[in-house]
2 protein chains.
Amino acid sequence: MTRTDLRIVKTKEALHAALLDLLNDKVLEDITISEICRKAKVNRGTFYLHYSQIEDLFEEYFKEITADLARSYQEPYRHVSVLKPSELDPSTIQIFHHIEKYKPFYKIIFSKKVPMMYYYLLFEEIKSLLLHDKIASIEEEINHDLYSAYQANAIIGMILEWYRQDFSYNVSYLNNQLVKYINLKADL
Amino acid sequence: MTRTDLRIVKTKEALHAALLDLLNDKVLEDITISEICRKAKVNRGTFYLHYSQIEDLFEEYFKEITADLARSYQEPYRHVSVLKPSELDPSTIQIFHHIEKYKPFYKIIFSKKVPMMYYYLLFEEIKSLLLHDKIASIEEEINHDLYSAYQANAIIGMILEWYRQDFSYNVSYLNNQLVKYINLKADL
DNA sequence: TTTTTTATTGTACAGTTGTTCAATAAAAAT
DNA sequence: ATTTTTATTGAACAACTGTACAATAAAAAA
């Protein structure tokens with residue numbers, strides 16, 4: 001009745017540790033499955049019992065990171081149940097702060113050769129955060145799924161630009177810019 | 001003084017044709033370099049002389065597609081030099097129409113296992129289109145690079161959602177929604 | 001046309017990949 | 001404590017990868 005076999009836990013821990021270790025030396029795309037298994041002292045066949053790619057192993061980390069994103073995003077809501085976007089204070093936006101906190105990971109996530117899968121994890125996470133705190137709109141003709149996708153990816157767009165500029169903007173500048181964009185009417 | 005050696009042209013054409021041919025049978029990630037070279041009757045070493053991955057070969061197609069995007073985007077501007085966003089008519093938005101036109105390609109581009117590189121090509125293309133036709137803003141504190149990134153990726157967000165729903169919305173619906181989002185103030 | 005340049009080929013090699021299978025060892029269940 | 005279940009191992013295989021190098025053939029330059 002235990003959650004998972006102890007052997008599986010040990011194997012995965014060893015593989016996780018080995019991958020993190022290798023990431024200090026080289027980029028994800030240069031790391032081989034054989035290499036990870038040698039370092040983890042795990043048979044290569046065992047790797048394939050749990051994963052099919054290195055990316056699947058790395059995905060397990062990244063899910064922990066997006067979980068932290070959800071936590072920090074929801075933090076300002078812990079005391080008030082509804083926050084109107086017009087009352088949005090730059091300091092309540094925690095997303096850019098979160099990205100900066102895990103910068104080394106996001107540098108991997110956004111690199112050219114990495115598969116789209118991580119992008120989707122981030123996209124889905126931000127999308128659902130926006131969807132959940134969206135107040136029932138008066139505007140009936142708005143497709144909420146589409147609009148959340150629009151807004152979530154807009155924010156990721158800023159992050160991509162930030163990444164492209166090697167994270168040279170500081171967090172409060174980005175927060176201020178975001179608030180401006182949200183309150184901006186198209187015909188300004 | 002010719003642009004490129006005829007042998008190179010022939011080799012690349014053969015590789016292009018072979019890849020397109022194989023894409024009818026299987027997904028990009030299942031295609032091997034050896035396979036392409038066998039079909040193209042090109043030595044495998046020759047492949048590495050021009051590309052380092054299959055993705056680099058595929059990128060050459062995709063660049064032609066984003067060039068078409070730029071053309072169709074700029075089409076409404078051929079007669080007027082400036083279009084104010086407030087005058088934006090849904091029919092002038094050609095992006096969704098373009099995506100639908102090349103749907104099979106974009107299904108590849110947006111698939112989970114494909115590297116981020118194609119996403120960036122699309123992102124950069126749309127970003128620069130937005131940046132070029134942006135009228136000098138009265139609002140001085142807007143960072144145009146960031147704002148273009150924000151807006152460009154917002155649109156891609158809608159496309160991603162569209163893709164996720166297996167392209168079930170029709171183009172004019174998306175155009176109408178986009179116009180709504182652009183004209184929406186945050187505190188509605 | 002002849003010479004020069006250079007793209008392509010064929011071969012080879014060590015390493016990785018993905019898969020299979022019987023043997024083993026470790027954990028869970030009784 | 002013993003039995004049952006199952007995760008891990010090791011070995012083996014064919015195919016792919018990335019790289020190197022000398023030989024060849026094709027194109028460009030003279």
# chains A, B, ... in the order shown; residues from 1 in each chain; ligands from 1
$ select_by_dssp --residues "chain B" --states "alpha helix (DSSP H)" --output "number ranges by chain"
B: 6-23, 33-40, 44-50, 54-74, 95-101, 103-109, 117-132, 144-164, 171-183
$ interface_residues --of "chain A" --to "chain C" --cutoff "8 Å" --atoms "only C-alpha atoms (C1' of nucleotides)" --output "NGL selection string"
:A and (5-7 or 32 or 34)
$ write_last_selection --atoms "C-alpha atoms" --output "PDB file, in the first residue's frame"
ATOM      1  CA  ASP A   5       8.484   0.936  -4.543  1.00  0.00           C
ATOM      2  CA  LEU A   6      11.598   2.043  -2.686  1.00  0.00           C
ATOM      3  CA  ARG A   7      13.779   0.837  -5.520  1.00  0.00           C
ATOM      4  CA  THR A  32      23.588  11.565 -23.117  1.00  0.00           C
ATOM      5  CA  SER A  34      24.504   6.682 -21.152  1.00  0.00           C
TER       6      SER A  34
END
$ interface_residues --of "chain B" --to "chain D" --cutoff "12 Å" --atoms "only C-alpha atoms (C1' of nucleotides)" --output "ChimeraX atom specification"
/B:1-10,30-35,44-45,47-49,51-53
$ atom_distance --atom1 "atom CA of A:Lys39" --atom2 "atom CA of A:Asp68"
28.6 Å
